[in-house]
Structure formats: structure tokens, C-alpha cells
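Reproduced below: input19.csv, with CSV, C-alpha atoms.
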chain,number,residue,atom,x,y,z
A,1,SER,CA,5.2,-9.0,-35.1
A,2,ALA,CA,4.7,-5.3,-35.9
A,3,GLY,CA,6.7,-4.4,-39.0
A,4,ASP,CA,6.1,-7.8,-40.5
A,5,ASN,CA,2.4,-8.0,-39.6
A,6,PRO,CA,0.4,-5.1,-41.0
A,7,ARG,CA,-2.5,-5.8,-38.7
A,8,ALA,CA,-0.2,-5.7,-35.6
A,9,SER,CA,1.4,-2.5,-36.9
A,10,TYR,CA,-2.0,-0.9,-37.3
A,11,PHE,CA,-3.0,-1.6,-33.7
A,12,LEU,CA,0.4,-0.6,-32.3
A,13,ASN,CA,0.4,2.8,-34.0
A,14,HIS,CA,-3.3,3.4,-33.4
A,15,PRO,CA,-3.9,6.8,-31.6
A,16,LEU,CA,-5.5,5.0,-28.7
A,17,VAL,CA,-2.4,2.8,-28.3
A,18,GLY,CA,0.2,5.4,-28.9
A,19,GLY,CA,3.1,3.3,-30.2
A,20,LEU,CA,6.1,2.4,-28.0
A,21,ILE,CA,7.5,5.8,-27.2
A,22,PRO,CA,5.4,8.0,-24.8
A,23,THR,CA,4.7,11.6,-25.6
A,24,GLY,CA,3.7,12.4,-22.0
A,25,ALA,CA,2.4,11.1,-18.8
A,26,ASP,CA,-1.4,11.3,-19.1
A,27,PHE,CA,-4.5,9.3,-20.2
A,28,ARG,CA,-4.3,10.3,-23.9
A,29,ASN,CA,-3.3,6.8,-25.0
A,30,LEU,CA,-2.3,3.5,-23.5
A,31,ARG,CA,1.5,4.1,-23.8
A,32,ASN,CA,1.2,7.5,-22.0
A,33,THR,CA,-1.0,5.9,-19.4
A,34,ILE,CA,1.6,3.3,-18.5
A,35,ASN,CA,4.1,6.2,-18.2
A,36,LEU,CA,1.7,8.1,-15.9
A,37,PHE,CA,1.0,5.1,-13.7
A,38,VAL,CA,4.7,4.1,-13.3
A,39,THR,CA,6.3,7.6,-12.9
A,40,ASN,CA,3.5,9.3,-10.9
A,41,LEU,CA,0.8,7.3,-9.3
A,42,ALA,CA,3.0,4.2,-8.5
A,43,ARG,CA,6.1,6.3,-7.8
A,44,GLY,CA,8.2,4.8,-5.1
A,45,GLY,CA,7.1,1.2,-5.6
A,46,VAL,CA,3.4,0.6,-4.6
A,47,TRP,CA,1.2,-0.2,-7.5
A,48,ILE,CA,-2.1,1.6,-8.0
A,49,GLU,CA,-4.8,-1.0,-7.3
A,50,SER,CA,-5.2,-3.0,-4.0
A,51,SER,CA,-2.6,-5.1,-2.3
A,52,GLU,CA,-4.1,-8.3,-3.6
A,53,TYR,CA,-4.6,-7.1,-7.2
A,54,ASN,CA,-1.2,-5.4,-7.3
A,55,ILE,CA,0.5,-8.8,-7.1
A,56,GLY,CA,-1.0,-10.0,-10.4
A,57,THR,CA,-0.9,-6.7,-12.3
A,58,VAL,CA,2.7,-6.0,-11.6
A,59,LYS,CA,3.6,-9.5,-12.9
A,60,LEU,CA,1.8,-8.7,-16.2
A,61,LEU,CA,3.5,-5.3,-16.5
A,62,LEU,CA,6.9,-6.8,-16.1
A,63,ILE,CA,6.3,-9.7,-18.5
A,64,GLY,CA,4.8,-7.3,-21.1
A,65,VAL,CA,7.8,-5.0,-20.9
A,66,ASP,CA,10.1,-8.1,-21.3
A,67,ILE,CA,8.2,-9.3,-24.3
A,68,ILE,CA,8.5,-6.0,-26.1
A,69,ARG,CA,12.3,-5.8,-25.3
A,70,THR,CA,12.8,-9.4,-26.5
A,71,ALA,CA,10.8,-8.9,-29.8
A,72,THR,CA,12.4,-5.5,-30.7
A,73,GLY,CA,15.8,-5.7,-29.0
A,74,ILE,CA,15.1,-2.2,-27.5
A,75,ALA,CA,14.1,-1.3,-24.0
A,76,TYR,CA,11.1,0.9,-24.8
A,77,PHE,CA,9.9,1.2,-21.1
A,78,PRO,CA,12.9,2.7,-19.3
A,79,GLU,CA,10.5,4.1,-16.6
A,80,VAL,CA,9.9,0.5,-15.6
A,81,THR,CA,13.3,-1.1,-16.1
A,82,GLN,CA,15.3,1.8,-14.7
A,83,GLN,CA,13.1,3.3,-12.0
A,84,PHE,CA,10.1,1.1,-11.0
A,85,ILE,CA,11.4,-2.4,-10.6
A,86,SER,CA,13.7,-1.7,-7.6
A,87,GLY,CA,11.1,0.4,-5.9
A,88,VAL,CA,8.3,-2.2,-6.2
A,89,ALA,CA,10.7,-5.0,-5.1
A,90,LEU,CA,11.4,-3.1,-1.8
A,91,GLY,CA,7.7,-2.3,-1.5
A,92,GLN,CA,6.7,-5.9,-1.7
A,93,MET,CA,9.4,-6.7,0.9
A,94,HIS,CA,8.3,-4.0,3.3
A,95,GLU,CA,4.7,-5.1,3.2
A,96,PHE,CA,5.6,-8.1,5.4
A,97,THR,CA,5.2,-8.1,9.1
A,98,PRO,CA,8.5,-8.6,11.0
A,99,ASP,CA,7.9,-12.3,11.5
A,100,LEU,CA,6.7,-12.9,7.9
A,101,LYS,CA,3.4,-14.2,9.2
A,102,ASP,CA,1.3,-11.6,7.5
A,103,THR,CA,1.4,-8.5,5.3
A,104,HIS,CA,-0.1,-5.1,5.2
A,105,GLN,CA,-3.2,-5.3,3.1
A,106,PHE,CA,-5.4,-2.6,1.7
A,107,GLY,CA,-8.2,-2.1,-0.8
A,108,ASP,CA,-10.2,-5.0,-2.3
A,109,VAL,CA,-9.1,-8.2,-0.6
A,110,GLU,CA,-11.0,-11.4,-1.0
A,111,LYS,CA,-9.3,-13.5,1.8
A,112,PRO,CA,-7.9,-11.2,4.5
A,113,HIS,CA,-4.9,-12.4,6.4
A,114,ALA,CA,-5.0,-15.8,4.7
A,115,VAL,CA,-1.7,-17.3,3.8
A,116,THR,CA,-3.2,-19.2,0.8
A,117,SER,CA,-4.6,-15.9,-0.5
A,118,TRP,CA,-1.4,-13.8,-0.6
A,119,ALA,CA,1.7,-15.8,0.4
A,120,PHE,CA,2.0,-18.2,-2.5
A,121,PRO,CA,1.0,-15.9,-5.4
A,122,LYS,CA,3.1,-13.2,-3.8
A,123,ALA,CA,6.1,-15.6,-3.7
A,124,THR,CA,6.0,-15.8,-7.5
A,125,LEU,CA,6.3,-12.0,-7.8
A,126,LEU,CA,9.0,-11.9,-5.1
A,127,GLY,CA,11.0,-14.5,-7.1
A,128,MET,CA,10.6,-12.5,-10.3
A,129,MET,CA,11.7,-9.3,-8.5
A,130,ALA,CA,14.7,-11.1,-7.1
A,131,GLY,CA,15.8,-12.1,-10.5
A,132,LEU,CA,15.2,-8.8,-12.1
A,133,THR,CA,17.1,-6.9,-9.4
A,134,GLU,CA,20.0,-9.4,-9.2
A,135,ASN,CA,22.5,-6.9,-10.5
A,136,ASP,CA,21.3,-4.1,-8.2
A,137,PRO,CA,23.4,-4.5,-5.0
A,138,ASN,CA,20.9,-2.2,-3.1
A,139,VAL,CA,18.0,-4.5,-3.7
A,140,GLY,CA,18.8,-7.9,-5.3
A,141,PRO,CA,20.7,-9.6,-2.5
A,142,TYR,CA,18.0,-8.6,0.0
A,143,MET,CA,15.3,-10.1,-2.2
A,144,GLN,CA,17.3,-13.3,-2.5
A,145,GLN,CA,17.6,-13.6,1.3
A,146,LEU,CA,13.9,-12.8,1.7
A,147,MET,CA,13.1,-15.7,-0.6
A,148,ASP,CA,15.3,-18.0,1.5
A,149,ASP,CA,13.6,-17.0,4.7
A,150,TRP,CA,10.2,-17.3,3.0
A,151,PHE,CA,10.9,-20.9,1.8
A,152,ALA,CA,12.3,-21.8,5.3
A,153,LYS,CA,9.1,-20.6,6.9
A,154,TYR,CA,6.5,-22.0,4.5
A,155,GLY,CA,8.4,-24.8,2.7
A,156,TYR,CA,7.7,-26.1,-0.8
A,157,ALA,CA,4.9,-28.7,-0.2
A,158,ASN,CA,1.8,-26.5,-0.2
A,159,TRP,CA,2.4,-24.5,-3.3
A,160,VAL,CA,-0.3,-26.3,-5.4
A,161,THR,CA,-0.3,-24.1,-8.6
A,162,GLN,CA,2.3,-21.6,-7.3
A,163,PRO,CA,4.9,-20.6,-8.2
A,164,THR,CA,3.9,-20.4,-11.8
A,165,GLY,CA,6.3,-20.6,-14.7
A,166,ARG,CA,6.8,-16.8,-14.4
A,167,PHE,CA,8.8,-17.5,-11.3
A,168,TYR,CA,11.3,-19.8,-13.1
A,169,LEU,CA,11.7,-17.4,-16.0
A,170,TYR,CA,13.4,-14.9,-13.7
A,171,TYR,CA,14.5,-16.4,-10.3
A,172,ASN,CA,18.2,-17.4,-9.9
A,173,PRO,CA,18.8,-19.5,-6.9
A,174,TYR,CA,22.5,-19.0,-7.1
A,175,ALA,CA,22.4,-15.1,-6.9
A,176,PRO,CA,24.2,-13.5,-3.9
A,177,ARG,CA,22.4,-12.9,-0.6
A,178,ALA,CA,22.6,-10.2,2.0
A,179,SER,CA,20.8,-9.5,5.3
A,180,TYR,CA,17.9,-7.0,5.1
A,181,ALA,CA,17.9,-6.6,8.9
A,182,ASN,CA,18.7,-2.9,8.7
A,183,LEU,CA,16.0,-2.1,6.1
A,184,LYS,CA,13.4,-0.4,8.4
A,185,ASP,CA,11.7,2.4,6.5
A,186,PHE,CA,9.8,2.6,3.2
A,187,TYR,CA,7.8,5.3,1.6
A,188,ALA,CA,6.0,5.4,-1.8
A,189,PRO,CA,4.9,9.0,-2.4
A,190,GLY,CA,2.8,8.1,-5.4
A,191,MET,CA,0.2,6.2,-3.5
A,192,GLY,CA,1.1,7.8,-0.1
A,193,MET,CA,2.0,4.5,1.5
A,194,MET,CA,4.5,4.4,4.4
A,195,PHE,CA,5.9,1.5,6.3
A,196,THR,CA,8.3,1.6,9.3
A,197,ARG,CA,9.5,-1.0,11.7
A,198,THR,CA,11.9,-1.5,14.6
A,199,GLY,CA,13.4,-4.6,12.9
A,200,TRP,CA,12.6,-8.1,11.5
A,201,GLY,CA,12.3,-10.2,14.7
A,202,SER,CA,9.3,-11.8,16.2
A,203,LYS,CA,8.9,-9.1,18.8
A,204,ASP,CA,9.5,-6.1,16.6
A,205,VAL,CA,7.0,-3.4,15.7
A,206,PHE,CA,5.5,-2.7,12.2
A,207,ILE,CA,3.5,0.5,11.5
A,208,GLY,CA,1.6,1.0,8.2
A,209,SER,CA,0.2,4.5,7.3
A,210,HIS,CA,-1.7,5.3,4.2
A,211,MET,CA,-2.3,8.9,3.0
A,212,ASN,CA,-4.4,8.0,-0.1
A,213,ARG,CA,-4.0,9.4,-3.6
A,214,PRO,CA,-6.9,8.0,-5.7
A,215,PRO,CA,-5.4,6.6,-8.9
A,216,GLY,CA,-8.6,6.7,-11.0
A,217,VAL,CA,-8.7,2.9,-11.6
A,218,ASP,CA,-10.6,-0.1,-10.2
A,219,HIS,CA,-10.2,-1.2,-6.6
A,220,PRO,CA,-9.7,2.2,-5.0
A,221,VAL,CA,-10.0,2.8,-1.3
A,222,PRO,CA,-12.7,5.1,0.1
A,223,TYR,CA,-10.7,7.0,2.7
A,224,PHE,CA,-8.0,9.6,2.7
A,225,THR,CA,-6.0,8.1,5.6
A,226,ASP,CA,-5.6,4.8,7.4
A,227,LEU,CA,-3.3,3.3,10.1
A,228,VAL,CA,-2.4,-0.2,11.3
A,229,GLY,CA,0.0,-1.5,13.9
A,230,TYR,CA,1.6,-4.9,14.5
A,231,ARG,CA,3.8,-6.0,17.4
A,232,ASN,CA,4.8,-9.3,19.2
A,233,GLY,CA,3.3,-11.4,16.4
A,234,GLU,CA,-0.2,-9.9,16.3
A,235,TRP,CA,-2.1,-6.8,15.1
A,236,PHE,CA,-2.7,-4.4,18.0
A,237,LEU,CA,-4.5,-2.0,15.7
A,238,SER,CA,-6.1,-3.4,12.6
A,239,ARG,CA,-9.4,-3.1,10.7
A,240,PRO,CA,-11.8,-5.2,8.7
A,241,LEU,CA,-10.7,-6.2,5.2
A,242,GLY,CA,-12.9,-7.3,2.3
A,243,TYR,CA,-14.3,-6.3,-1.1
A,244,VAL,CA,-15.8,-2.9,-1.9
A,245,ILE,CA,-15.6,-2.0,1.8
A,246,SER,CA,-16.8,1.2,3.4
A,247,ALA,CA,-14.5,4.0,4.8
A,248,TYR,CA,-16.1,3.2,8.1
A,249,ALA,CA,-14.1,0.0,8.2
A,250,ASN,CA,-10.8,1.9,8.5
A,251,ASN,CA,-8.8,3.7,11.2
A,252,THR,CA,-9.6,7.1,9.7
A,253,VAL,CA,-11.6,10.3,9.9
A,254,ILE,CA,-15.1,10.5,8.5
A,255,LEU,CA,-16.3,13.8,7.1
A,256,GLY,CA,-20.0,14.2,7.2
A,257,GLY,CA,-20.4,10.5,6.4
A,258,ARG,CA,-17.7,10.5,3.7
A,259,GLY,CA,-14.2,9.1,3.9
A,260,SER,CA,-12.6,11.6,1.5
A,261,MET,CA,-13.2,14.3,-1.0
A,262,SER,CA,-12.2,13.7,-4.6
A,263,GLU,CA,-11.3,17.2,-5.7
A,264,ALA,CA,-8.2,17.5,-3.5
A,265,ILE,CA,-6.7,14.5,-1.8
A,266,GLY,CA,-3.2,13.0,-1.4
A,267,PRO,CA,0.0,12.7,0.6
A,268,VAL,CA,1.7,15.9,1.6
A,269,GLY,CA,5.0,14.6,3.0
A,270,GLN,CA,7.0,12.0,5.0
A,271,GLU,CA,10.2,11.9,7.0
A,272,SER,CA,12.1,9.3,8.9
A,273,GLY,CA,15.0,9.8,11.3
A,274,THR,CA,16.6,8.4,14.4
A,275,GLY,CA,13.7,7.7,16.8
A,276,TYR,CA,10.8,9.0,14.8
A,277,THR,CA,8.7,8.7,11.6
A,278,TYR,CA,6.4,11.4,10.4
A,279,HIS,CA,3.6,11.2,7.7
A,280,ILE,CA,1.0,13.8,6.6
A,281,GLY,CA,-1.9,13.8,4.1
A,282,ALA,CA,-5.0,15.9,3.4
A,283,THR,CA,-8.2,16.1,1.5
A,284,ALA,CA,-10.7,19.0,0.7
A,285,GLY,CA,-13.4,20.0,-1.7
A,286,ASN,CA,-17.0,19.9,-2.6
A,287,LYS,CA,-17.2,16.6,-4.4
A,288,GLY,CA,-17.6,13.4,-2.3
A,289,ASP,CA,-15.6,10.2,-2.7
A,290,ASN,CA,-18.4,8.8,-4.9
A,291,GLY,CA,-17.9,11.6,-7.4
A,292,ASP,CA,-21.2,13.4,-6.4
A,293,TYR,CA,-21.3,17.0,-5.5
A,294,ILE,CA,-22.5,17.6,-1.9
A,295,TYR,CA,-23.6,21.1,-2.9
A,296,HIS,CA,-24.0,22.7,-6.3
A,297,PRO,CA,-20.6,23.0,-8.0
A,298,SER,CA,-20.8,26.8,-7.7
A,299,PHE,CA,-21.4,26.7,-4.0
A,300,VAL,CA,-18.8,28.7,-2.0
A,301,PRO,CA,-17.3,27.9,0.4
A,302,THR,CA,-16.7,24.3,-0.3
A,303,TYR,CA,-18.1,21.5,2.0
A,304,VAL,CA,-14.7,20.4,3.4
A,305,ASN,CA,-12.3,23.3,3.6
A,306,GLU,CA,-9.6,21.1,5.1
A,307,ALA,CA,-9.1,17.7,6.6
A,308,THR,CA,-5.5,16.9,7.5
A,309,ARG,CA,-3.9,14.1,9.4
A,310,SER,CA,-0.4,14.3,10.7
A,311,LEU,CA,1.1,11.1,12.2
A,312,LEU,CA,4.2,10.8,14.4
A,313,TYR,CA,5.5,7.4,15.4
A,314,LEU,CA,7.9,7.2,18.3
A,315,PRO,CA,9.5,3.8,19.0
A,316,SER,CA,10.6,3.3,22.6
A,317,ALA,CA,14.3,2.9,23.4
A,318,ASP,CA,13.7,-0.2,25.5
A,319,GLY,CA,11.2,-1.8,23.1
A,320,ARG,CA,8.5,-2.1,25.8
A,321,SER,CA,6.0,0.4,24.4
A,322,VAL,CA,4.8,2.0,21.1
A,323,THR,CA,3.6,5.6,20.8
A,324,ILE,CA,1.7,6.9,17.8
A,325,ILE,CA,0.4,10.5,17.8
A,326,THR,CA,-2.2,11.5,15.2
A,327,PHE,CA,-3.2,15.2,14.8
A,328,ASP,CA,-6.5,15.4,12.9
A,329,ARG,CA,-7.4,18.9,11.8
A,330,THR,CA,-10.8,19.3,10.1
A,331,ASN,CA,-12.9,22.2,8.9
A,332,LEU,CA,-16.3,21.3,7.5
A,333,LYS,CA,-19.2,23.4,6.4
A,334,SER,CA,-21.6,21.2,8.2
A,335,GLY,CA,-22.1,17.6,9.3
A,336,SER,CA,-20.4,15.4,11.9
A,337,LYS,CA,-16.7,14.6,12.2
A,338,GLU,CA,-16.0,11.0,13.3
A,339,LEU,CA,-12.7,9.6,14.5
A,340,LEU,CA,-12.5,5.8,14.0
A,341,PHE,CA,-10.3,3.1,15.5
A,342,HIS,CA,-10.8,-0.6,15.2
A,343,SER,CA,-9.7,-2.9,18.0
A,344,PRO,CA,-9.1,-6.6,17.4
A,345,VAL,CA,-11.1,-7.3,20.6
A,346,ALA,CA,-13.8,-5.5,22.6
A,347,ALA,CA,-12.8,-2.1,23.8
A,348,THR,CA,-13.5,-0.3,27.1
A,349,VAL,CA,-14.3,3.5,27.4
A,350,SER,CA,-13.0,5.4,30.4
A,351,GLY,CA,-13.5,9.2,30.3
A,352,ASP,CA,-11.6,10.5,27.3
A,353,ALA,CA,-9.7,7.2,26.7
A,354,VAL,CA,-10.4,3.9,25.0
A,355,SER,CA,-8.4,0.8,25.8
A,356,TRP,CA,-8.3,-3.0,25.1
A,357,ARG,CA,-6.1,-6.0,25.8
A,358,THR,CA,-5.1,-8.0,22.8
A,359,ALA,CA,-5.3,-11.8,22.6
A,360,GLY,CA,-1.5,-11.9,23.1
A,361,GLY,CA,-1.8,-9.8,26.3
A,362,GLN,CA,-0.7,-6.4,24.9
A,363,ASN,CA,-2.4,-3.3,26.5
A,364,VAL,CA,-3.5,-0.7,24.0
A,365,ARG,CA,-4.8,2.8,25.1
A,366,ILE,CA,-6.0,5.7,23.0
A,367,THR,CA,-6.2,9.1,24.7
A,368,THR,CA,-7.7,12.2,23.1
A,369,LEU,CA,-6.8,15.8,23.4
A,370,SER,CA,-9.6,17.9,21.9
A,371,SER,CA,-10.7,21.6,22.1
A,372,SER,CA,-14.3,20.4,21.7
A,373,PRO,CA,-16.3,17.7,23.5
A,374,LEU,CA,-15.7,14.2,22.2
A,375,THR,CA,-17.8,11.2,22.9
A,376,TRP,CA,-16.6,7.7,22.4
A,377,THR,CA,-19.0,5.0,21.1
A,378,VAL,CA,-18.0,1.3,21.1
A,379,VAL,CA,-19.6,-0.6,18.2
A,380,LEU,CA,-19.3,-4.4,18.1
A,381,ALA,CA,-18.9,-5.4,14.5
A,382,SER,CA,-19.8,-8.9,13.3
A,383,SER,CA,-17.2,-11.0,11.5
As C-alpha cells, what does this structure read like?
Amino acid sequence: SAGDNPRASYFLNHPLVGGLIPTGADFRNLRNTINLFVTNLARGGVWIESSEYNIGTVKLLLIGVDIIRTATGIAYFPEVTQQFISGVALGQMHEFTPDLKDTHQFGDVEKPHAVTSWAFPKATLLGMMAGLTENDPNVGPYMQQLMDDWFAKYGYANWVTQPTGRFYLYYNPYAPRASYANLKDFYAPGMGMMFTRTGWGSKDVFIGSHMNRPPGVDHPVPYFTDLVGYRNGEWFLSRPLGYVISAYANNTVILGGRGSMSEAIGPVGQESGTGYTYHIGATAGNKGDNGDYIYHPSFVPTYVNEATRSLLYLPSADGRSVTIITFDRTNLKSGSKELLFHSPVAATVSGDAVSWRTAGGQNVRITTLSSSPLTWTVVLASS
């Protein structure tokens, strides 16, 4: 009602709101902040909170943009309508495991791996994305087919309060479909999230790698790197999920008791090609992930000069094995360096190797090559 309603016009043009046209990508006002989130921190299609909170916030963002366009007749958020929507649609698709039984989850999650927690609310967002990308041949038909496959797997009877009316505002059941079987790699450089897979069948492999870039909002993760793996219908490498969880609950590197440094942290690069996927991220500085300085700010050298993880995933030609190589390079002023992996069942230590056998009968083995002595400790965590 701005223009007709003086009170609405006052709020819209208030310096803290910033009107409808951004003057930059920064935290100077609300409009610039949206521009920053979409074009920088969420670049590539993964929103800036946690996997569970992202589902709701992205819905609100899309509806808000649509409301402004409907009221004014002008698309005031081109960074969303022209750049972000297609990326976030593909990101939501690639979060799924190959068999659609689960998704990659990170950050604050209230009900880990629970279909009622993510599947039904997520379906509302997927339907919205399918409708909004209907005219994009590189995205829309794949989203439509994903919705068909999702309905075929979970049916319609258990929806309770989902999908909400937002689903029906956008979803077109008659839009064209196309197989997404050849969509195997996804990378969102904003949040440093990488997904790769061998395919979408029940026996296929899914790898999720996160080189975190803290967005400066609620629900951040406390680590600079994390890794999970799924194959033959189960997680062979996973980790505990929950709310406000410690960096120790991830497959990561701990730096003197801290999961990351807040002064310098983020993804460095990613590349996928025939027979490989590569991902690298780093952190450094003198300020811990809780914002506190470990030493006085003027202290030189800094506490963590460098902590870098390089990850190389090599799928096997015959599909009978999975190889993941991580090279963790750390340079600390003092304190311990810890390498963490979480097994879904009890692990066994043998020399420089750790191994376990999953509930589904898959053998997993971690072997280390280190220039300094390394001692493995198996910790049994409660549920």
C-alpha cells in the first residue's frame, strides 16, 4: 500500500529498510542485506541457515518477492527471480540421497533423519520451486519429475498439514517432465556446499562435503569442514545431528579445541570431472569460532596460521568401492590437533587404521599417512 498509505511509505523508505532498490550488497539496510545474502552468501543455491530452517526461510523469501511484484507490477528483486531460484531448486534436489530415503542435513536440526521432520515441509518448497522454474528447461522439468518420484514413494495420505497453500499457489501438475538421472554434481560456492553422486539408484553413492563460510546469522555451524557418505541405502560415514551441536560432532579437524577460526574461513575452490570430484576450504586467525580472541588481538603470530582441507573423491569404475582422500594441513601456535570421524557402528583400531562394518554389511576403512605420530581413540557416544 506504499504510495497510498503514508505510514507504509514511511516504513518502506526508512533508512533501516532501504526501499526496494539496493544500493549495495551489505548490512547497511534490509534491502541491501537481502541482496548480500542472495548474491554472495547463498550464491549457488544453498540458503544461509541450517538445512531445516532453510526450507521455511526460502519459502518466505519467494512469497515476499512475489507480493512486491504483484503489488507494484515491477520485479524489484532480480537477484532472486533471475539468479537465485534456479540454483536453490537444484540445491534442494541434490540434498536427497540417491534413493530419496534421506537428505543431507547440517546445522540446527530438531529431528535428524526423520521423514516427518523434513520430507513433508520440504515437499511444499519443492512444489513451489517446480512451479517457479517451469519455464526454465534446465531446471523445471527435473523438479516436476522429482515431485512425481517423491509422491510415488511417500504417497499423499500422511501429509497432515502439508503441503500448505503455498504449494498450490505455484505447483502446476501439467508442466513437462524430464529425467534427472544425469544430474550428479552440485556446488554452492556461497556456503561452500558440495554434493556429488554416481547416480540416483538404490545402490548409488552420495558424498556431501561442506567447507563452511559463516553467514553471520542464527543457526551457524561451528566447524570449517565436514564430510558425509551414503551408499547402498545407508550412511557409511555420518555424524550426530541436533540443535546447537559442538564441532566435535562432525567429521572435521579440531584446532586446539575449536572447530574454526572466525577471522578467515571459507571455501577455496571445487572442481568435478570424469572420475573425480575435488573440494578445498581453509580457516586461520586469532579469533575463535565463538568470537573470543585466543590471544590478545595484537599478538603475532596468530594462533592458527593455517588449517586447510583438500578432499578428493574417486568413484570406482565397477561400483564396488568408494575412495575419499582428505589432506588436512594444519599450522597451530600451540594446542592439540584432532582428526574426527564418526562411524554409525562401533569402530576397531588396528595400527594406523580404523575400520567398521555397517548394519548393511559394508566395510569401511580409514588409513592415515602422517609425518608425525598419530594415535586413534575410539569414543562410544550415547544416542
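Closest to Tyr187 of chain A among A:Ser202, A:Ser50, A:Asn286, A:Gln92 is A:Gln92, based on only C-alpha atoms.
Using only C-alpha atoms for every distance, the candidate list A:Gly285, A:Gly216, A:Lys337, A:Gly360 yields A:Lys337 as the residue closest to Pro373 of chain A.
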Give me, as a ChimeraX atom specification, all polymer residues having an atom no more than 8 Å from Ile207 of chain A, counting only C-alpha atoms and skipping those fewer than 6 positions away in the same chain. /A:195-197,227-230
Please list as a PyMOL selection string every residue within 10 Å of segment 248-265 of chain A, counting all atoms listed in the file and excluding residues in the same chain fewer than 3 positions away. chain A and resi 106+209-214+221-228+237-242+245+268+281-294+303-304+306-309+328-343+381
Give me the residues within 7 Å of segment 367-372 of chain A as a ChimeraX atom specification, counting all atoms listed in the file and dropping any in the same chain fewer than 4 places off. /A:352-354
Residues just named, written with C-alpha atoms as a PDB file, in the coordinates of the input:
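For reference, result.pdb as written:
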ATOM      1  CA  ASP A 352     -11.600  10.500  27.300  1.00  0.00           C
ATOM      2  CA  ALA A 353      -9.700   7.200  26.700  1.00  0.00           C
ATOM      3  CA  VAL A 354     -10.400   3.900  25.000  1.00  0.00           C
TER       4      VAL A 354
END
Any idea what the distance is between atom CA of Gly107 of chain A and atom CA of Ser355 of chain A? 26.8 Å
List the spatial neighbours of Asp204 of chain A as a list in words - criterion: any atom at most 9 Å away, all atoms listed in the file, same-chain residues fewer than 3 positions off excluded. Thr97, Pro98, Asp99, Arg197, Thr198, Gly199, Trp200, Gly201, Tyr230, Arg231, Asn232, Gly233 and Gly319 of chain A
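Candidate residues A:Val58, A:Val205, A:Ile34, A:Leu314 were compared for distance to Gly273 of chain A, and the nearest is A:Leu314, using all atoms listed in the file.
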note - atom CA of Ala346 of chain A and atom CA of Gln105 of chain A are separated by 22.2 Å
Fewer than 2 positions away in the same chain doesn't count, so skip those; otherwise give me all residues within 9 Å of Gly275 of chain A, counting all atoms listed in the file, as a ChimeraX atom specification. /A:272-273,277,313-317
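One finds atom CA of Gly266 of chain A at 6.9 Å from atom CA of Gly192 of chain A.
When all atoms listed in the file are used to measure the gap to Arg69 of chain A, the shortest distance among A:Asn5, A:Thr81, A:Leu146, A:Arg320 belongs to A:Thr81.
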